[in-house]
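Raw contents of my_file-v1.cif, mmCIF, C-alpha atoms:
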```cif
data_my_file
#
loop_
_atom_site.label_atom_id
_atom_site.label_comp_id
_atom_site.auth_asym_id
_atom_site.auth_seq_id
_atom_site.Cartn_x
_atom_site.Cartn_y
_atom_site.Cartn_z
CA MET A 26 -80.72 38.24 69.67
CA GLU A 27 -80.23 41.96 70.27
CA LEU A 28 -80.24 42.54 66.52
CA LEU A 29 -83.44 40.56 66.13
CA LYS A 30 -85.10 42.64 68.84
CA THR A 31 -84.42 45.84 66.92
CA GLY A 32 -86.79 44.70 64.19
CA LYS A 33 -84.16 45.29 61.50
CA ILE A 34 -84.25 41.61 60.48
CA ASP A 35 -87.32 40.10 58.81
CA TYR A 36 -85.84 36.84 57.51
CA VAL A 37 -83.09 34.46 58.60
CA ARG A 38 -81.58 31.88 56.27
CA VAL A 39 -80.67 28.73 58.20
CA PHE A 40 -77.83 27.09 56.30
CA MET A 41 -76.45 23.60 56.64
CA VAL A 42 -73.41 22.13 54.88
CA ASP A 43 -73.81 18.72 53.28
CA THR A 44 -71.28 15.92 52.88
CA LEU A 45 -69.77 17.37 49.71
CA GLY A 46 -69.52 20.89 51.16
CA ASN A 47 -72.56 22.35 49.39
CA VAL A 48 -74.67 24.88 51.27
CA ARG A 49 -78.35 23.99 51.69
CA GLY A 50 -80.88 26.07 53.58
CA ARG A 51 -84.30 27.44 54.40
CA SER A 52 -85.39 31.04 54.80
CA LEU A 53 -87.46 31.65 57.95
CA ARG A 54 -89.53 34.59 59.08
CA ARG A 55 -88.01 36.25 62.15
CA MET A 56 -90.62 34.90 64.59
CA GLU A 57 -90.28 31.39 63.19
CA PHE A 58 -86.50 31.65 63.51
CA GLU A 59 -86.81 32.68 67.16
CA ARG A 60 -88.74 29.46 67.79
CA ALA A 61 -86.17 27.51 65.78
CA ILE A 62 -83.39 28.65 68.12
CA ASP A 63 -84.74 26.16 70.67
CA MET A 64 -86.50 23.65 68.44
CA GLY A 65 -84.27 23.59 65.36
CA VAL A 66 -85.35 23.37 61.73
CA ASN A 67 -86.58 20.14 60.16
CA TYR A 68 -84.96 18.84 56.98
CA PRO A 69 -85.43 15.53 55.16
CA GLU A 70 -82.45 13.33 55.98
CA SER A 71 -82.02 12.61 52.29
CA ILE A 72 -80.58 16.11 51.85
CA LEU A 73 -77.38 14.83 53.45
CA TYR A 74 -77.11 12.09 50.82
CA LEU A 75 -77.44 14.24 47.70
CA ASP A 76 -74.89 13.96 44.91
CA LEU A 77 -73.93 16.79 42.55
CA TRP A 78 -77.13 16.20 40.56
CA ASP A 79 -79.28 16.38 43.73
CA ARG A 80 -80.04 12.69 43.60
CA PRO A 81 -80.09 10.93 46.99
CA ALA A 82 -77.59 8.13 47.34
CA ARG A 83 -79.80 6.28 49.80
CA ARG A 84 -83.51 5.81 50.41
CA ASN A 85 -84.19 7.35 53.80
CA PHE A 86 -87.28 9.31 54.78
CA ASP A 87 -86.42 10.26 58.35
CA ASP A 88 -85.92 13.85 59.49
CA VAL A 89 -82.81 15.60 60.69
CA ILE A 90 -82.81 18.79 62.72
CA ALA A 91 -80.61 21.77 61.92
CA HIS A 92 -79.81 23.69 65.11
CA PRO A 93 -78.80 27.31 64.44
CA ASP A 94 -75.32 28.08 65.78
CA LEU A 95 -75.84 31.65 66.94
CA SER A 96 -72.09 32.27 67.07
CA THR A 97 -72.17 32.17 63.24
CA PHE A 98 -75.00 34.70 62.85
CA MET A 99 -74.20 37.33 60.23
CA THR A 100 -75.94 39.56 57.75
CA PHE A 101 -75.24 39.56 54.04
CA PRO A 102 -75.37 43.34 53.54
CA TYR A 103 -76.78 43.10 50.00
CA LEU A 104 -79.76 41.04 51.22
CA GLU A 105 -82.51 43.31 52.49
CA ARG A 106 -83.35 42.79 56.19
CA THR A 107 -81.98 39.24 56.08
CA GLY A 108 -79.69 37.35 58.44
CA VAL A 109 -77.75 34.16 57.84
CA VAL A 110 -76.75 31.46 60.30
CA LEU A 111 -74.98 28.11 59.97
CA SER A 112 -76.18 25.10 61.89
CA THR A 113 -75.23 21.78 63.41
CA ILE A 114 -77.29 18.69 62.65
CA THR A 115 -78.89 16.10 64.92
CA ASP A 116 -81.26 13.23 64.27
CA GLY A 117 -84.86 13.35 65.46
CA THR A 118 -83.87 12.24 68.96
CA GLY A 119 -81.28 14.97 69.45
CA ILE A 120 -78.21 12.81 68.87
CA PRO A 121 -75.54 14.59 66.76
CA SER A 122 -75.62 13.33 63.19
CA VAL A 123 -72.53 11.40 62.11
CA LEU A 124 -72.93 13.18 58.75
CA CYS A 125 -72.70 16.71 60.17
CA VAL A 126 -69.37 17.97 58.84
CA ARG A 127 -69.29 20.93 61.25
CA THR A 128 -69.66 18.52 64.17
CA VAL A 129 -66.85 16.35 62.78
CA LEU A 130 -64.51 19.35 62.70
CA LYS A 131 -65.57 20.46 66.18
CA LYS A 132 -64.70 17.00 67.52
CA ALA A 133 -61.29 17.11 65.85
CA LEU A 134 -60.60 20.55 67.32
CA SER A 135 -61.79 19.35 70.72
CA LYS A 136 -59.34 16.45 70.62
CA LEU A 137 -56.56 18.85 69.68
CA GLU A 138 -57.49 21.09 72.59
CA ASN A 139 -57.44 18.11 74.95
CA LEU A 140 -53.83 17.66 73.88
CA GLY A 141 -53.23 21.26 74.95
CA ASN A 142 -53.19 22.82 71.47
CA ARG A 143 -55.34 25.04 69.29
CA LEU A 144 -55.44 25.60 65.55
CA THR A 145 -55.42 28.90 63.66
CA VAL A 146 -56.19 28.80 59.93
CA LEU A 147 -55.88 31.24 57.04
CA PHE A 148 -57.58 30.33 53.76
CA GLU A 149 -56.45 31.74 50.42
CA PRO A 150 -58.77 30.65 47.57
CA THR A 151 -58.73 31.65 43.91
CA PHE A 152 -61.69 31.93 41.56
CA TYR A 153 -62.52 32.86 37.99
CA VAL A 154 -64.80 35.73 37.00
CA LEU A 155 -66.72 34.80 33.85
CA LYS A 156 -68.82 36.59 31.26
CA ASP A 157 -70.81 34.28 28.97
CA ASN A 158 -68.85 31.35 30.44
CA ARG A 159 -65.49 32.79 29.34
CA PRO A 160 -62.98 34.81 31.40
CA ALA A 161 -64.43 38.27 31.95
CA ASP A 162 -61.10 39.97 31.25
CA SER A 163 -57.80 39.19 29.55
CA SER A 164 -55.52 40.97 32.02
CA ARG A 165 -52.13 39.51 32.85
CA ALA A 166 -50.98 37.86 36.06
CA PHE A 167 -50.72 40.20 39.05
CA SER A 168 -51.41 43.22 36.82
CA ALA A 169 -53.14 46.41 37.89
CA GLU A 170 -55.28 46.13 34.76
CA GLY A 171 -57.34 43.26 36.12
CA LEU A 172 -58.03 45.11 39.36
CA LEU A 173 -59.15 48.12 37.32
CA VAL A 174 -61.34 46.24 34.86
CA GLU A 175 -63.19 44.33 37.60
CA GLN A 176 -62.99 47.04 40.26
CA ASP A 177 -66.75 47.50 40.70
CA PHE A 178 -67.28 43.82 41.39
CA LEU A 179 -64.13 43.42 43.51
CA LYS A 180 -64.77 46.55 45.59
CA GLU A 181 -68.23 45.28 46.50
CA VAL A 182 -66.87 41.86 47.44
CA VAL A 183 -64.33 43.40 49.83
CA LYS A 184 -66.82 45.95 51.14
CA TYR A 185 -69.48 43.39 51.98
CA LEU A 186 -67.02 40.93 53.53
CA GLU A 187 -65.62 43.73 55.68
CA GLU A 188 -69.15 44.68 56.76
CA MET A 189 -69.58 41.06 57.84
CA GLU A 190 -66.65 41.72 60.21
CA GLU A 191 -64.36 39.37 58.34
CA PRO A 192 -61.40 41.45 57.12
CA VAL A 193 -59.76 40.64 53.82
CA GLN A 194 -55.97 40.84 53.94
CA ARG A 195 -55.51 41.25 50.21
CA LEU A 196 -57.02 40.62 46.82
CA ASN A 197 -54.83 39.95 43.77
CA LYS A 198 -55.17 39.44 40.06
CA TYR A 199 -53.98 35.82 39.80
CA PHE A 200 -52.25 33.92 36.98
CA GLY A 201 -55.21 33.14 34.70
CA GLN A 202 -57.24 35.55 32.61
CA GLY A 203 -60.19 36.57 34.76
CA GLN A 204 -58.73 34.73 37.77
CA TYR A 205 -58.46 36.36 41.20
CA GLU A 206 -57.03 35.43 44.59
CA ILE A 207 -58.42 36.54 47.92
CA THR A 208 -56.65 36.15 51.27
CA PHE A 209 -58.70 36.08 54.47
CA SER A 210 -57.46 36.88 57.95
CA PRO A 211 -56.36 34.09 60.33
CA ALA A 212 -59.13 32.64 62.49
CA GLU A 213 -59.78 29.74 64.84
CA GLY A 214 -60.38 26.50 62.92
CA ILE A 215 -64.19 26.25 62.82
CA ARG A 216 -64.63 29.99 62.30
CA ALA A 217 -62.20 29.95 59.38
CA ALA A 218 -64.13 27.12 57.69
CA ASP A 219 -67.46 28.83 58.38
CA PHE A 220 -66.31 32.08 56.87
CA LEU A 221 -64.79 30.47 53.78
CA THR A 222 -68.13 28.75 53.22
CA ALA A 223 -70.07 32.00 53.61
CA ALA A 224 -67.56 34.04 51.58
CA LYS A 225 -67.87 31.73 48.56
CA GLU A 226 -71.62 32.30 48.64
CA VAL A 227 -71.09 36.07 48.81
CA ILE A 228 -68.59 36.12 45.92
CA ARG A 229 -70.93 34.11 43.70
CA ASP A 230 -73.90 36.34 44.65
CA ILE A 231 -72.09 39.62 43.96
CA ALA A 232 -70.89 38.33 40.60
CA LEU A 233 -74.47 37.53 39.58
CA MET A 234 -75.56 41.02 40.66
CA HIS A 235 -72.97 42.42 38.23
CA GLY A 236 -74.04 40.22 35.32
CA LEU A 237 -70.99 37.99 35.86
CA ARG A 238 -70.38 34.52 37.16
CA ALA A 239 -67.79 33.53 39.75
CA THR A 240 -66.68 29.91 39.71
CA PHE A 241 -64.60 27.87 42.11
CA MET A 242 -64.48 24.92 39.70
CA PRO A 243 -60.94 23.50 40.04
CA LYS A 244 -59.92 23.81 36.37
CA PRO A 245 -62.56 25.37 34.13
CA PHE A 246 -60.28 25.92 31.13
CA SER A 247 -57.73 23.62 29.51
CA ASP A 248 -55.35 26.45 28.62
CA LEU A 249 -55.57 28.43 31.88
CA PRO A 250 -54.33 27.70 35.42
CA ALA A 251 -56.46 25.81 37.92
CA ASN A 252 -58.14 27.33 40.96
CA VAL A 253 -56.35 26.48 44.20
CA LEU A 254 -56.97 26.69 47.94
CA HIS A 255 -53.82 27.43 49.89
CA ILE A 256 -54.23 26.62 53.58
CA TYR A 257 -51.95 28.31 56.10
CA PHE A 258 -52.11 27.10 59.69
CA SER A 259 -50.35 27.38 63.03
CA LEU A 260 -50.59 25.79 66.46
CA THR A 261 -50.78 27.53 69.83
CA ASP A 262 -51.09 26.31 73.39
CA LYS A 263 -54.14 27.00 75.55
CA GLU A 264 -52.71 30.36 76.62
CA GLY A 265 -52.32 31.42 73.00
CA LYS A 266 -48.53 31.03 72.94
CA ASN A 267 -47.18 30.03 69.55
CA ILE A 268 -45.78 26.50 69.52
CA THR A 269 -45.24 26.19 65.76
CA THR A 270 -41.79 27.80 66.03
CA ASP A 271 -38.91 27.22 68.40
CA GLN A 272 -36.93 29.91 70.22
CA ASN A 273 -34.82 30.46 67.10
CA GLY A 274 -37.80 31.10 64.84
CA GLN A 275 -37.46 27.70 63.17
CA PRO A 276 -40.18 25.02 62.89
CA SER A 277 -40.62 23.38 66.30
CA LYS A 278 -40.31 19.65 66.90
CA LEU A 279 -44.07 19.50 67.46
CA ALA A 280 -44.76 21.29 64.17
CA LYS A 281 -42.49 18.92 62.27
CA SER A 282 -44.18 15.88 63.82
CA PHE A 283 -47.56 17.37 62.93
CA LEU A 284 -46.44 17.78 59.31
CA ALA A 285 -44.97 14.27 59.30
CA GLY A 286 -48.40 12.91 60.23
CA ILE A 287 -50.03 14.82 57.38
CA GLN A 288 -47.33 13.62 54.99
CA THR A 289 -47.96 10.02 56.01
CA HIS A 290 -51.65 10.35 55.10
CA LEU A 291 -51.31 12.52 51.99
CA GLY A 292 -52.63 9.71 49.80
CA SER A 293 -55.99 9.55 51.58
CA LEU A 294 -56.15 13.30 52.24
CA THR A 295 -55.94 13.79 48.48
CA ALA A 296 -59.52 12.52 48.17
CA LEU A 297 -60.63 15.38 50.44
CA ALA A 298 -58.25 18.02 49.06
CA LEU A 299 -58.85 17.23 45.36
CA PRO A 300 -62.46 16.03 45.47
CA THR A 301 -63.50 16.06 41.79
CA ILE A 302 -62.41 14.37 38.58
CA ASN A 303 -61.61 17.83 37.24
CA SER A 304 -59.29 18.48 40.22
CA TYR A 305 -56.60 16.14 38.92
CA ARG A 306 -56.05 18.10 35.72
CA ARG A 307 -54.23 20.61 37.91
CA LEU A 308 -51.54 18.05 38.75
CA ARG A 309 -50.39 18.18 35.13
CA GLU A 310 -49.66 21.90 35.22
CA GLU A 311 -46.05 23.04 35.28
CA ARG A 312 -46.57 25.33 38.27
CA SER A 313 -48.44 22.71 40.30
CA PRO A 314 -46.75 21.53 43.53
CA VAL A 315 -46.12 17.82 43.06
CA ILE A 316 -43.49 16.84 45.65
CA ALA A 317 -45.19 15.00 48.51
CA ALA A 318 -42.78 16.32 51.11
CA ALA A 319 -42.04 19.38 53.23
CA GLY A 320 -39.72 22.11 52.03
CA ARG A 321 -39.36 25.83 51.47
CA GLU A 322 -39.99 25.96 47.72
CA ARG A 323 -43.43 26.26 46.16
CA ARG A 324 -43.15 22.86 44.47
CA PHE A 325 -43.53 21.13 47.88
CA LEU A 326 -47.04 20.15 49.01
CA LEU A 327 -46.11 20.96 52.63
CA ARG A 328 -44.27 24.23 52.86
CA PHE A 329 -42.40 26.52 55.22
CA PRO A 330 -43.23 29.87 53.56
CA SER A 331 -40.71 32.69 53.38
CA THR A 332 -42.90 34.55 55.89
CA PHE A 333 -42.67 31.71 58.43
CA LYS A 334 -40.47 33.61 60.90
CA ASP A 335 -42.96 36.49 60.90
CA ASN A 336 -46.30 34.69 61.14
CA SER A 337 -45.32 31.11 62.17
CA MET A 338 -47.75 29.62 59.67
CA LEU A 339 -47.20 26.37 57.77
CA GLU A 340 -48.74 25.85 54.34
CA PHE A 341 -50.73 22.97 52.83
CA ARG A 342 -50.66 23.41 49.04
CA LEU A 343 -52.49 20.34 47.75
CA ALA A 344 -56.12 21.51 47.99
CA ASP A 345 -58.34 23.18 45.43
CA THR A 346 -61.45 25.28 45.85
CA ALA A 347 -63.92 22.40 45.51
CA ALA A 348 -62.74 20.89 48.81
CA ASN A 349 -65.12 20.68 51.77
CA PRO A 350 -63.08 22.71 54.30
CA TYR A 351 -64.65 20.98 57.32
CA LEU A 352 -63.72 17.49 56.18
CA LEU A 353 -60.29 18.49 54.89
CA LEU A 354 -59.30 20.33 58.08
CA SER A 355 -60.59 17.41 60.14
CA GLY A 356 -58.51 14.94 58.15
CA MET A 357 -55.41 17.14 58.42
CA LEU A 358 -55.93 17.50 62.18
CA TYR A 359 -56.25 13.78 62.85
CA ALA A 360 -53.24 13.01 60.65
CA GLY A 361 -51.20 15.73 62.35
CA MET A 362 -52.19 14.63 65.83
CA GLU A 363 -51.16 11.07 65.02
CA GLY A 364 -47.78 12.45 63.97
CA VAL A 365 -47.41 14.27 67.30
CA GLU A 366 -48.61 11.32 69.39
CA LYS A 367 -46.21 8.93 67.64
CA GLU A 368 -43.42 11.54 67.59
CA MET A 369 -42.95 11.07 63.86
CA GLU A 370 -39.83 12.64 62.41
CA LEU A 371 -40.11 14.88 59.37
CA MET A 372 -37.33 14.54 56.83
CA GLU A 373 -37.46 17.74 54.82
CA GLY A 374 -37.46 17.23 51.07
CA VAL A 375 -37.96 13.46 51.38
CA GLU A 376 -41.14 11.92 49.97
CA SER A 377 -42.74 9.17 52.00
CA GLU A 378 -46.13 9.03 50.24
CA ASP A 379 -46.96 9.51 46.58
CA VAL A 380 -50.04 11.50 45.63
CA PRO A 381 -52.84 9.81 43.63
CA THR A 382 -53.20 11.15 40.09
CA ASN A 383 -56.92 10.47 39.74
CA LEU A 384 -60.02 10.54 41.92
CA GLU A 385 -60.61 6.79 41.78
CA GLU A 386 -57.18 6.04 43.25
CA ALA A 387 -57.58 8.75 45.88
CA LEU A 388 -60.92 7.28 46.99
CA ARG A 389 -59.33 3.86 47.27
CA ARG A 390 -56.62 5.31 49.51
CA LEU A 391 -59.22 7.03 51.69
CA SER A 392 -61.28 3.83 51.99
CA ASN A 393 -58.19 1.90 53.08
CA ASP A 394 -56.97 4.49 55.62
CA ARG A 395 -57.94 3.12 59.02
CA LEU A 396 -57.22 6.39 60.84
CA MET A 397 -59.48 8.40 58.54
CA ARG A 398 -62.31 5.90 58.70
CA GLU A 399 -62.19 5.76 62.50
CA ALA A 400 -61.62 9.48 63.05
CA LEU A 401 -64.05 10.90 60.49
CA GLY A 402 -66.54 8.08 60.98
CA GLU A 403 -67.19 4.91 59.00
CA GLU A 404 -70.61 6.06 57.78
CA LEU A 405 -69.40 9.49 56.69
CA VAL A 406 -66.37 8.17 54.81
CA SER A 407 -68.45 5.45 53.15
CA LEU A 408 -71.05 7.98 52.02
CA TYR A 409 -68.40 10.40 50.76
CA VAL A 410 -66.72 7.64 48.75
CA GLU A 411 -70.07 6.43 47.39
CA LEU A 412 -71.06 9.93 46.21
CA LYS A 413 -67.69 10.51 44.59
CA GLU A 414 -67.67 7.11 42.90
CA ARG A 415 -70.97 8.14 41.30
CA GLU A 416 -69.12 11.05 39.69
CA VAL A 417 -66.49 8.68 38.35
CA ARG A 418 -69.12 6.41 36.81
CA GLU A 419 -71.03 9.34 35.30
CA PHE A 420 -67.82 10.71 33.77
CA GLU A 421 -66.83 7.36 32.31
CA ARG A 422 -70.20 7.12 30.53
CA GLU A 423 -69.81 10.50 28.84
CA VAL A 424 -68.39 10.95 25.36
CA THR A 425 -66.49 14.25 25.25
CA GLN A 426 -66.10 16.76 22.43
CA TRP A 427 -62.37 15.98 22.37
CA GLU A 428 -63.17 12.33 21.60
CA ARG A 429 -65.51 13.32 18.77
CA ASP A 430 -62.99 15.78 17.33
CA THR A 431 -60.22 13.18 17.46
CA TYR A 432 -61.93 9.89 16.58
CA LEU A 433 -65.07 10.68 14.57
CA ARG A 434 -63.28 10.19 11.21
CA LEU A 435 -62.03 6.70 12.09
#
```
Starting from the file, give its structure as structure tokens.
Amino acid sequence: MELLKTGKIDYVRVFMVDTLGNVRGRSLRRMEFERAIDMGVNYPESILYLDLWDRPARRNFDDVIAHPDLSTFMTFPYLERTGVVLSTITDGTGIPSVLCVRTVLKKALSKLENLGNRLTVLFEPTFYVLKDNRPADSSRAFSAEGLLVEQDFLKEVVKYLEEMEEPVQRLNKYFGQGQYEITFSPAEGIRAADFLTAAKEVIRDIALMHGLRATFMPKPFSDLPANVLHIYFSLTDKEGKNITTDQNGQPSKLAKSFLAGIQTHLGSLTALALPTINSYRRLREERSPVIAAAGRERRFLLRFPSTFKDNSMLEFRLADTAANPYLLLSGMLYAGMEGVEKEMELMEGVESEDVPTNLEEALRRLSNDRLMREALGEELVSLYVELKEREVREFEREVTQWERDTYLRL
């Protein structure tokens, strides 16, 4: 509000996040935004039902109201005199929408806090930088060359994110040609998801300003590594004391039970962590983690990193960059809390749940997971599954170039 009073802001973009994790929004004049702080911003409810082709899954002509969450207010430094704010969604009567993914995560975090715990999250996504839809450079993995070739673009990304008061821990040239990895700083659960959402918008915008394209598509090239989203997380008590480690610096009993809960629900969480048909091509890569268990090596989906004694953070390695972070974190939280409540025992290196190898199977697992349906909400899970099943049907109707190249001479 103080910033608005200075007159340095003329427009505010009110963003909302839909079921699939896409950002939708309106741009308001400053005076209109000041009114919207109390009244909210009207949207057609159908915007929450849109698939990847912007087709509504249901016929509904009611309104929903996006209420700006002022704690998320930020400026995108490259946008002239423009602020950005995320929102929570209610129906026309003021009741929180069951399809508001930010509200779903807030409820999960609230339940965790009622148990006396809090969640800290660090996201580490990768992305490709493209020129004419091909990798913008041919530099090798973790080489200085890639950082040099793309330095103008990368320096602006870091600069603008820092100006948004969200420090970047590091930025690496990753395994693929034109592929980069960015590591954000740890933050409280909802803030971490909010910033990842905003940062992806910033990275895509800056790339366009440089005549490039940044993509978070899970696997854009058959012969190059997939994009991934490593999620590091830790638990603290209400006083901020770390409870992820014991007095010897080893994983605590609570942390192991939390991981055991996640392990038990890995099958259904896969639908949230690997949300596209394209996502499952990653599982066929040699470097992909495929062991549905906890361990210290990178091939485990649940990992105790080598830095665990220093930062007390566990790692979830299944997700890719197409995942909706609000839904995925919510699912992980409810699964982990069930593990703690039932005092589940984690057997390191032992698989108790296999991971689906395609989206259709993952959606079936999610639909049949009673905990996820009850915790995330029947309507939200049903809509998510319906939208994703549309993708499966669309894909199955398509004839690919590979099929033509292979079978056309039959």
Take the point (-62.6, 25.1, 31.6) in the file's coordinates, draw a sphere of radius 12 Å around it, and report as a PDB file with C-alpha atoms, in the coordinates of the input every protein, DNA or RNA residue with an atom inside or on it, counting only C-alpha atoms.
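part23.pdb, freshly written:
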```pdb
ATOM      1  CA  TYR A 153     -62.520  32.860  37.990  1.00  0.00           C
ATOM      2  CA  LEU A 155     -66.720  34.800  33.850  1.00  0.00           C
ATOM      3  CA  ASN A 158     -68.850  31.350  30.440  1.00  0.00           C
ATOM      4  CA  ARG A 159     -65.490  32.790  29.340  1.00  0.00           C
ATOM      5  CA  PRO A 160     -62.980  34.810  31.400  1.00  0.00           C
ATOM      6  CA  GLY A 201     -55.210  33.140  34.700  1.00  0.00           C
ATOM      7  CA  GLN A 202     -57.240  35.550  32.610  1.00  0.00           C
ATOM      8  CA  THR A 240     -66.680  29.910  39.710  1.00  0.00           C
ATOM      9  CA  PHE A 241     -64.600  27.870  42.110  1.00  0.00           C
ATOM     10  CA  MET A 242     -64.480  24.920  39.700  1.00  0.00           C
ATOM     11  CA  PRO A 243     -60.940  23.500  40.040  1.00  0.00           C
ATOM     12  CA  LYS A 244     -59.920  23.810  36.370  1.00  0.00           C
ATOM     13  CA  PRO A 245     -62.560  25.370  34.130  1.00  0.00           C
ATOM     14  CA  PHE A 246     -60.280  25.920  31.130  1.00  0.00           C
ATOM     15  CA  SER A 247     -57.730  23.620  29.510  1.00  0.00           C
ATOM     16  CA  ASP A 248     -55.350  26.450  28.620  1.00  0.00           C
ATOM     17  CA  LEU A 249     -55.570  28.430  31.880  1.00  0.00           C
ATOM     18  CA  PRO A 250     -54.330  27.700  35.420  1.00  0.00           C
ATOM     19  CA  ALA A 251     -56.460  25.810  37.920  1.00  0.00           C
ATOM     20  CA  ASN A 252     -58.140  27.330  40.960  1.00  0.00           C
ATOM     21  CA  ASN A 303     -61.610  17.830  37.240  1.00  0.00           C
ATOM     22  CA  SER A 304     -59.290  18.480  40.220  1.00  0.00           C
ATOM     23  CA  ARG A 306     -56.050  18.100  35.720  1.00  0.00           C
ATOM     24  CA  ARG A 307     -54.230  20.610  37.910  1.00  0.00           C
TER      25      ARG A 307
END
```
* Leaving out stretch 108-112 of chain A and any residue of its chain fewer than 3 positions from it, which residues lie within 6 Å of it when counting only C-alpha atoms, given as JSON, numbers by chain? -> {"A": [37, 38, 39, 40, 41, 91, 92, 93, 94, 97, 98, 99, 100]}
Could you list, as a short mmCIF file (atom, residue, chain, number, x, y, z; two decimals) with C-alpha atoms, keeping the file's coordinate frame, every residue matched by the PyMOL selection byres ((chain A and resi 344) around 7) in this structure?
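Produced file expr.cif, reproduced below:
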```cif
data_model
loop_
_atom_site.label_atom_id
_atom_site.label_comp_id
_atom_site.auth_asym_id
_atom_site.auth_seq_id
_atom_site.Cartn_x
_atom_site.Cartn_y
_atom_site.Cartn_z
CA VAL A 253 -56.35 26.48 44.20
CA LEU A 254 -56.97 26.69 47.94
CA HIS A 255 -53.82 27.43 49.89
CA ALA A 298 -58.25 18.02 49.06
CA LEU A 299 -58.85 17.23 45.36
CA ARG A 342 -50.66 23.41 49.04
CA LEU A 343 -52.49 20.34 47.75
CA ASP A 345 -58.34 23.18 45.43
CA THR A 346 -61.45 25.28 45.85
CA ALA A 348 -62.74 20.89 48.81
#
```
* Asked: Neighbours of A:Leu144 within 6 Å (only C-alpha atoms; same-chain residues fewer than 3 positions away dropped), as a list in words?
  -> Gly214, Ser259 and Leu260 of chain A
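The interatomic distance for the pair atom CA of A:Phe58 and atom CA of A:Asp43 works out to 20.8 Å.
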Can you spell out as a PDB file with C-alpha atoms, keeping the file's coordinate frame the set of residues that the PyMOL selection byres ((chain A and resi 192) around 12) selects in the structure I just provided?
```
ATOM      1  CA  LEU A 147     -55.880  31.240  57.040  1.00  0.00           C
ATOM      2  CA  VAL A 182     -66.870  41.860  47.440  1.00  0.00           C
ATOM      3  CA  VAL A 183     -64.330  43.400  49.830  1.00  0.00           C
ATOM      4  CA  LYS A 184     -66.820  45.950  51.140  1.00  0.00           C
ATOM      5  CA  TYR A 185     -69.480  43.390  51.980  1.00  0.00           C
ATOM      6  CA  LEU A 186     -67.020  40.930  53.530  1.00  0.00           C
ATOM      7  CA  GLU A 187     -65.620  43.730  55.680  1.00  0.00           C
ATOM      8  CA  GLU A 188     -69.150  44.680  56.760  1.00  0.00           C
ATOM      9  CA  MET A 189     -69.580  41.060  57.840  1.00  0.00           C
ATOM     10  CA  GLU A 190     -66.650  41.720  60.210  1.00  0.00           C
ATOM     11  CA  GLU A 191     -64.360  39.370  58.340  1.00  0.00           C
ATOM     12  CA  VAL A 193     -59.760  40.640  53.820  1.00  0.00           C
ATOM     13  CA  GLN A 194     -55.970  40.840  53.940  1.00  0.00           C
ATOM     14  CA  ARG A 195     -55.510  41.250  50.210  1.00  0.00           C
ATOM     15  CA  LEU A 196     -57.020  40.620  46.820  1.00  0.00           C
ATOM     16  CA  ILE A 207     -58.420  36.540  47.920  1.00  0.00           C
ATOM     17  CA  THR A 208     -56.650  36.150  51.270  1.00  0.00           C
ATOM     18  CA  PHE A 209     -58.700  36.080  54.470  1.00  0.00           C
ATOM     19  CA  SER A 210     -57.460  36.880  57.950  1.00  0.00           C
ATOM     20  CA  PRO A 211     -56.360  34.090  60.330  1.00  0.00           C
ATOM     21  CA  ALA A 212     -59.130  32.640  62.490  1.00  0.00           C
ATOM     22  CA  ALA A 217     -62.200  29.950  59.380  1.00  0.00           C
ATOM     23  CA  PHE A 220     -66.310  32.080  56.870  1.00  0.00           C
ATOM     24  CA  LEU A 221     -64.790  30.470  53.780  1.00  0.00           C
ATOM     25  CA  ALA A 224     -67.560  34.040  51.580  1.00  0.00           C
TER      26      ALA A 224
END
```
* Asked: Quick one: of A:Leu388, A:Met357, A:Leu233, A:Leu173, who's nearest to A:Ile256, counting only C-alpha atoms?
  ->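 Of A:Leu388, A:Met357, A:Leu233, A:Leu173, the one nearest A:Ile256, counting only C-alpha atoms, is A:Met357.
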* Asked: Can you tell me, as a list of chain:residue names, what residues are no more than 10 Å from stretch 321-325 of chain A when counting all atoms listed in the file, ignoring any on the same chain fewer than 5 positions away?
  -> A:Glu311, A:Arg312, A:Ser313, A:Pro314, A:Val315, A:Ile316, A:Pro330, A:Ser331, A:Phe333, A:Glu340, A:Phe341, A:Arg342, A:Leu343, A:Glu373, A:Gly374, A:Glu376
Where's the centre, and what are the edge lengths in Å to one decimal, of a box along x, y and z enclosing all listed atoms of stretch 187-202 of chain A padded 5 Å per side, as lines of an AutoDock Vina configuration file?
```
center_x = -60.9
center_y = 38.9
center_z = 46.4
size_x = 27.3
size_y = 21.5
size_z = 37.6
```
Do you know which residues lie at most 9 Å from (-61.8, 18.5, 62.6), with coordinates as in the file and only C-alpha atoms counted, and could you write them as a compact mmCIF listing (two decimals) with C-alpha atoms, in the frame of the given file?
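And here's point10.txt as it stands now:
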```
# COMPACT_ATOMS: atom_id res chain seq x y z
CA VAL A 126 -69.37 17.97 58.84
CA ARG A 127 -69.29 20.93 61.25
CA THR A 128 -69.66 18.52 64.17
CA VAL A 129 -66.85 16.35 62.78
CA LEU A 130 -64.51 19.35 62.70
CA LYS A 131 -65.57 20.46 66.18
CA LYS A 132 -64.70 17.00 67.52
CA ALA A 133 -61.29 17.11 65.85
CA LEU A 134 -60.60 20.55 67.32
CA SER A 135 -61.79 19.35 70.72
CA LYS A 136 -59.34 16.45 70.62
CA LEU A 137 -56.56 18.85 69.68
CA GLY A 214 -60.38 26.50 62.92
CA ILE A 215 -64.19 26.25 62.82
CA TYR A 351 -64.65 20.98 57.32
CA LEU A 352 -63.72 17.49 56.18
CA LEU A 353 -60.29 18.49 54.89
CA LEU A 354 -59.30 20.33 58.08
CA SER A 355 -60.59 17.41 60.14
CA GLY A 356 -58.51 14.94 58.15
CA MET A 357 -55.41 17.14 58.42
CA LEU A 358 -55.93 17.50 62.18
CA TYR A 359 -56.25 13.78 62.85
CA LEU A 401 -64.05 10.90 60.49
```
